[in-house]
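Novice: Shown below is the structure under consideration.
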Number of protein chains: 2
Amino acid sequence: MSLESSWVGSANSAETDFPLNNLPYGVFSVAGSAPRCGVAIGDLILDAAKAEAAGLLTLAGGPLLQSGAWNPVMSAGPTVWGALRARLAALLAEGAAERARLDPMLVAQSDATLHMPFTVSEYTDFYASRNHAFNVGTMFRGAENALPPNWLSIPIGYNGRASSVVVSGTDVVRPWGQLKDPDDSLPRFDKCARFDLELEIGAIVGTPSKGMVSVAEADEMIFGYVLLNDWSARDIQAWEYHPLGPFQAKATATTISPWIVTRAALEPFRTATPERERPLLPYLGEPGPMLYDIDLRVGLTPEGGKETVISETNYKTMYYSAAQQLCHHTTSGCSMRTGDLLGSGTISGTGKDSRGSLLELSWGGREPITLADGKTRSFLEDGDTLTLYGAANGDGYRIGFGACAGKVLPATDLPDWARA
Amino acid sequence: MSLESSWVGSANSAETDFPLNNLPYGVFSVAGSAPRCGVAIGDLILDAAKAEAAGLLTLAGGPLLQSGAWNPVMSAGPTVWGALRARLAALLAEGAAERARLDPMLVAQSDATLHMPFTVSEYTDFYASRNHAFNVGTMFRGAENALPPNWLSIPIGYNGRASSVVVSGTDVVRPWGQLKDPDDSLPRFDKCARFDLELEIGAIVGTPSKGMVSVAEADEMIFGYVLLNDWSARDIQAWEYHPLGPFQAKATATTISPWIVTRAALEPFRTATPERERPLLPYLGEPGPMLYDIDLRVGLTPEGGKETVISETNYKTMYYSAAQQLCHHTTSGCSMRTGDLLGSGTISGTGKDSRGSLLELSWGGREPITLADGKTRSFLEDGDTLTLYGAANGDGYRIGFGACAGKVLPATDLPDWARA
């Protein structure tokens, strides 16, 4: 594959996240208009809702682009997804006859506000990076017992909170919660002091399912992918998570990037999961390569300061693919629905500077990292902006995700009723 | 409080679940009609959608009863809830002038099919019975370490799966899953052999929230309560739940009773939570009695056999109230939404026959219970019907929940792709 040419000039650069090869789906507004479905192309957005209304995009079962969310397209299934993508590629390709009609439907990304691209039905977070699980396990249980006994057999996951998912650019307020210092016998209600990021990729379920689905079927259900930062309150988590798992520690916010990069756009970047250290049960077997080669980067920008890249890694290091996770999710008969979001779990590489959380980067706070301006960080401080970047890099082009950013605001004042 | 008289004769019995004092909300259909909002009264259902359309029920911001779910009423808030209840009570009271107009809007419950009374937004399950936590902890860790260190400080909860919530009467198919016998080194993919019930009460969030809410505010947000059976695959849970909590073990199904019993109907039965064994942090303090005196019963009916009552207990034995759970749920800034469902956690009394799960009743399968016909049970068998009953018992009347029932069907055949 190489760069495909568009009549939108900015889409023909090796540096854009959004060449014609990509065509990711988002929701935007301009000057306070109602949120509308749009497609990123170069540094512009095609107003897809307008194009559909004008008869330039006709979808089976349509109209599907008028609700301000991509869920109607997602639930329409792979045939519609393929038709939509083919039509968009033709409309925006160099030499397209419709150029004059489409031109007034383009909006500058710099003029647009981006919104949640879809309505999240339910949110599940996994724990599928071998390196992350090993790092965290080593910190808490020592290297010999780092991986839980089930880890090499189960793509471990837990249900998160859909109402906490927000789009890039949304501020994140430092949470309050129950904390207990290791030396204290009783907990206190306090501001989180170990607020952290988790670098992840989110898979979005398009078509729903009933009953158990295979890995191959699960892969076909996935509409696309986003970058995902699962903000985590480590001190709240440490006290609350025995025996039923993380709860409020993960409920403050989960930020996603604003553009859904489709499975079709990522197709040339498919790659196999790493070799199995223990044979998987047959139901989890993959019929083909189910991961993707996506370069990832984490930037931390202190208030008024400049950005430091604190981690670089790749999605292909994951032990389990989203298709395996989705298959496992259905084993008990659990129905999956359009708009379900599956977080990959924190993505950590093998190197020290490829770890996907500050918990790992600062090794539990014991080895603070140093930023470009000489300041140090064990965990996030108020005013820090955290930005995830991701792109699959092709031959002279890239399939980018756009930035996934959020700024940490100070905790709110404690309400009177919560004071002693 | 005593029984209030209705012109619906069957509502004036001390034996009905649905006297005029109750007026619970459900969704029903007759002879294949579209699901409609209804109110139970004696052995009849008032077609509330029809009454609203006829101008007999006028609600601020209405119409609110035409969608086939109670969510529009729930999101309208406590003032509308109060007005609706007062109007319904007046319309159905002995001597009401509207009797002749309402009479044709009544349907026999025996002719109706009941549906999910509301759309579940997200589902959270708690672990708030002291006796249940102690029993389960004793089985797994011994009596001395039975309660986790955080248990007396936190109303422990975890996020469940909203897509798995079904209404009473829905069959429940025994799940497949990853299991590992204690003596095996590796897991296998097999049918669940330790399928269980959990006797719970579900609290339904009516009005949404942003940011932290107090226990008093949380109580005001609760629209009503249902019986809830959180079907549980104990063998799947045992292998999967370290370290991130239950996942597929709880995703097969959660059955709720079909009638939402309002907070208003339960008001005369308020009772305080038990004495604290460790002082709570101030934010969890209760401004008044937040539990309810609700008698609960579990019946098990083998295929073609008769029902045995296997457990009897009361909701007032819980250590944490739903209002405390909901308050804790918001501490991290987690938004709550109309239609969120909060399971109380398994409700177990102190006595051996007041335990709310077979795990406890059969003590992990080591002490099978004996049914009326002489058969024994450690866990549920195919063909078993499990029914929860609940009622707050007043002076010559009761506020009943109706039955919460489900039948266990055999596991499906294993798909070819999951075979070795």
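Identifiers in this document derive from the order of the structure tokens: chains are assigned A, B, ..., residues are numbered from 1 separately in each chain, and ligands are numbered from 1 in order of occurrence.
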I need the residues of range 153-314 of chain A that end up classed as strand (DSSP E) by DSSP on the backbone, written out as a ChimeraX atom specification.

Specialist: /A:157-159,165-167,172-173,176-179,188-191,195-196,199-205,222-230,232-233,254-256,261-262,270-271,291-292,295-301,308-314

Novice: So which residues touch Tyr397 in chain A within 8 Å, counting only C-alpha atoms, skipping near sequence neighbours fewer than 2 positions away, as a ChimeraX atom specification?

Specialist: /A:2-3,13-16,19,393-395,399

Novice: Once you count only C-alpha atoms, what closest atom pair and distance in Å to one decimal does each residue of chain B within 8 Å of chain A have, with rows by chain and rising residue number, as a Markdown table?

Specialist:
| residue | atom | partner | partner_atom | distance |
| --- | --- | --- | --- | --- |
| B:Ser121 | CA | A:Ser121 | CA | 7.9 |
| B:Glu122 | CA | A:Glu122 | CA | 7.4 |
| B:Pro148 | CA | A:His242 | CA | 7.0 |
| B:Asn150 | CA | A:Glu240 | CA | 6.7 |
| B:Ser153 | CA | A:Pro187 | CA | 7.6 |
| B:Ile154 | CA | A:Glu240 | CA | 7.5 |
| B:Ile156 | CA | A:Glu240 | CA | 7.3 |
| B:Gly157 | CA | A:Phe247 | CA | 6.7 |
| B:Tyr158 | CA | A:Phe247 | CA | 5.6 |
| B:Asn159 | CA | A:Asn159 | CA | 5.2 |
| B:Gly160 | CA | A:Asn159 | CA | 6.0 |
| B:Arg161 | CA | A:Asn159 | CA | 6.9 |
| B:Ala162 | CA | A:Glu122 | CA | 7.6 |
| B:Ser163 | CA | A:Ser335 | CA | 5.9 |
| B:Ser164 | CA | A:Cys334 | CA | 6.1 |
| B:Val173 | CA | A:Gly333 | CA | 7.9 |
| B:Pro175 | CA | A:Ser332 | CA | 4.8 |
| B:Trp176 | CA | A:Ser332 | CA | 5.5 |
| B:Gly177 | CA | A:Thr331 | CA | 5.9 |
| B:Gln178 | CA | A:Ile154 | CA | 7.9 |
| B:Pro187 | CA | A:Ser153 | CA | 7.6 |
| B:Arg188 | CA | A:Leu281 | CA | 7.0 |
| B:Phe189 | CA | A:Leu281 | CA | 7.0 |
| B:Ser214 | CA | A:Trp417 | CA | 6.8 |
| B:Trp239 | CA | A:Asn150 | CA | 6.8 |
| B:Glu240 | CA | A:Asn150 | CA | 6.7 |
| B:Tyr241 | CA | A:Leu244 | CA | 7.5 |
| B:His242 | CA | A:Pro148 | CA | 7.0 |
| B:Pro243 | CA | A:Gly245 | CA | 6.5 |
| B:Leu244 | CA | A:Gly245 | CA | 4.1 |
| B:Gly245 | CA | A:Leu244 | CA | 4.1 |
| B:Pro246 | CA | A:Leu244 | CA | 6.4 |
| B:Phe247 | CA | A:Tyr158 | CA | 5.6 |
| B:Gln248 | CA | A:Ser332 | CA | 5.6 |
| B:Ala249 | CA | A:Ser332 | CA | 7.1 |
| B:Ala251 | CA | A:Cys334 | CA | 5.3 |
| B:Thr252 | CA | A:Ser332 | CA | 5.2 |
| B:Ala253 | CA | A:Cys334 | CA | 7.6 |
| B:Leu281 | CA | A:Arg188 | CA | 7.0 |
| B:Pro282 | CA | A:Ala420 | CA | 5.4 |
| B:Tyr283 | CA | A:Ala418 | CA | 4.0 |
| B:Leu284 | CA | A:Ala418 | CA | 7.7 |
| B:His329 | CA | A:Gln248 | CA | 6.7 |
| B:Thr330 | CA | A:Gln248 | CA | 7.8 |
| B:Thr331 | CA | A:Gly177 | CA | 5.9 |
| B:Ser332 | CA | A:Pro175 | CA | 4.7 |
| B:Gly333 | CA | A:Thr252 | CA | 5.2 |
| B:Cys334 | CA | A:Ala251 | CA | 5.3 |
| B:Ser335 | CA | A:Ser163 | CA | 6.0 |
| B:Met336 | CA | A:Ser163 | CA | 7.1 |
| B:Arg337 | CA | A:Ser163 | CA | 7.6 |
| B:Trp417 | CA | A:Tyr283 | CA | 6.2 |
| B:Ala418 | CA | A:Tyr283 | CA | 4.0 |
| B:Arg419 | CA | A:Pro282 | CA | 6.1 |
| B:Ala420 | CA | A:Pro282 | CA | 5.4 |

Novice: What's the separation between CA of Leu361 in chain B and CA of Pro289 in chain B, in Å to one decimal place?

Specialist: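 A separation of 29.7 Å between them.
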
Novice: I want to know what sits within 8 Å of Ala93 in chain B, based on only C-alpha atoms, with residues of the same chain fewer than 5 positions away left out; could you give that as number ranges by chain?

Specialist: B: 4-7, 20

Novice: Considering only C-alpha atoms, return as a count of residues only whatever protein or nucleic-acid residues lie within 10 Å of Gly206 in chain A, sequence-local ones (same chain, fewer than 3 positions apart) excluded.

Specialist: 23

Novice: Among range 266-306 of chain B, which residues carry a DSSP assignment of helix (DSSP H, G or I), reported as JSON, numbers by chain?

Specialist: {"B": [266, 267, 268, 269, 282, 283, 284]}

Novice: Neighbouring residues of Glu312 in chain B were defined as those with any atom within 7 Å, considering only C-alpha atoms; residues of the same chain fewer than 4 positions away were excluded. Please report them as a list of chain:residue names.

Specialist: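 Residues meeting the cut-off are B:Leu296, B:Arg297, B:Val298, B:Asp353, B:Ser354.
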
Novice: Take the residues that were just selected and, keeping C-alpha atoms, output them as a PDB file, in the first residue's frame.

Specialist:
ATOM      1  CA  LEU B 296     -37.506 -12.310  51.390  1.00  0.00           C
ATOM      2  CA  ARG B 297     -37.878 -15.940  50.370  1.00  0.00           C
ATOM      3  CA  VAL B 298     -36.205 -18.217  47.818  1.00  0.00           C
ATOM      4  CA  ASP B 353     -31.554 -21.382  56.367  1.00  0.00           C
ATOM      5  CA  SER B 354     -31.413 -17.619  55.779  1.00  0.00           C
TER       6      SER B 354
END

Novice: Out of B:Tyr389, B:Asp382, B:Gly32, B:Tyr292, which residue has the shortest atom-to-atom distance to Val309 in chain B when counting only C-alpha atoms?

Specialist: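 Closest to Val309 in chain B, using only C-alpha atoms: B:Tyr389.
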
Novice: Pick out the closest residue to Val107 in chain A from this set: A:Thr313, A:Ser29, A:Thr58, A:Thr350. Count only C-alpha atoms.

Specialist: A:Ser29

Novice: One decimal, in Å: what's the spacing between CA of Asp171 in chain A and CA of Trp231 in chain A?

Specialist: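 One can read the CA of Asp171 in chain A to CA of Trp231 in chain A distance as 11.6 Å.
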
Novice: Which residues, written as an NGL selection string, have at least one atom at most 7 Å from range 45-54 of chain B, with only C-alpha atoms counted and residues fewer than 5 positions away on the same chain left out?

Specialist: :B and (36-40 or 65-66 or 105-109)

Novice: Could you pull the residues within 8 Å of Val8 in chain A, counting only C-alpha atoms, minus those fewer than 4 positions along the same chain, as a list in words?

Specialist: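 Answer for this query is Asn12, Ile41, Gly42, Leu92 and Glu94 of chain A.
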
Novice: For CA of Asp384 in chain B and CA of Cys327 in chain A, determine how far apart the two atoms are, in Å to one decimal place.

Specialist: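 Value for the CA of Asp384 in chain B-CA of Cys327 in chain A distance: 28.5 Å.
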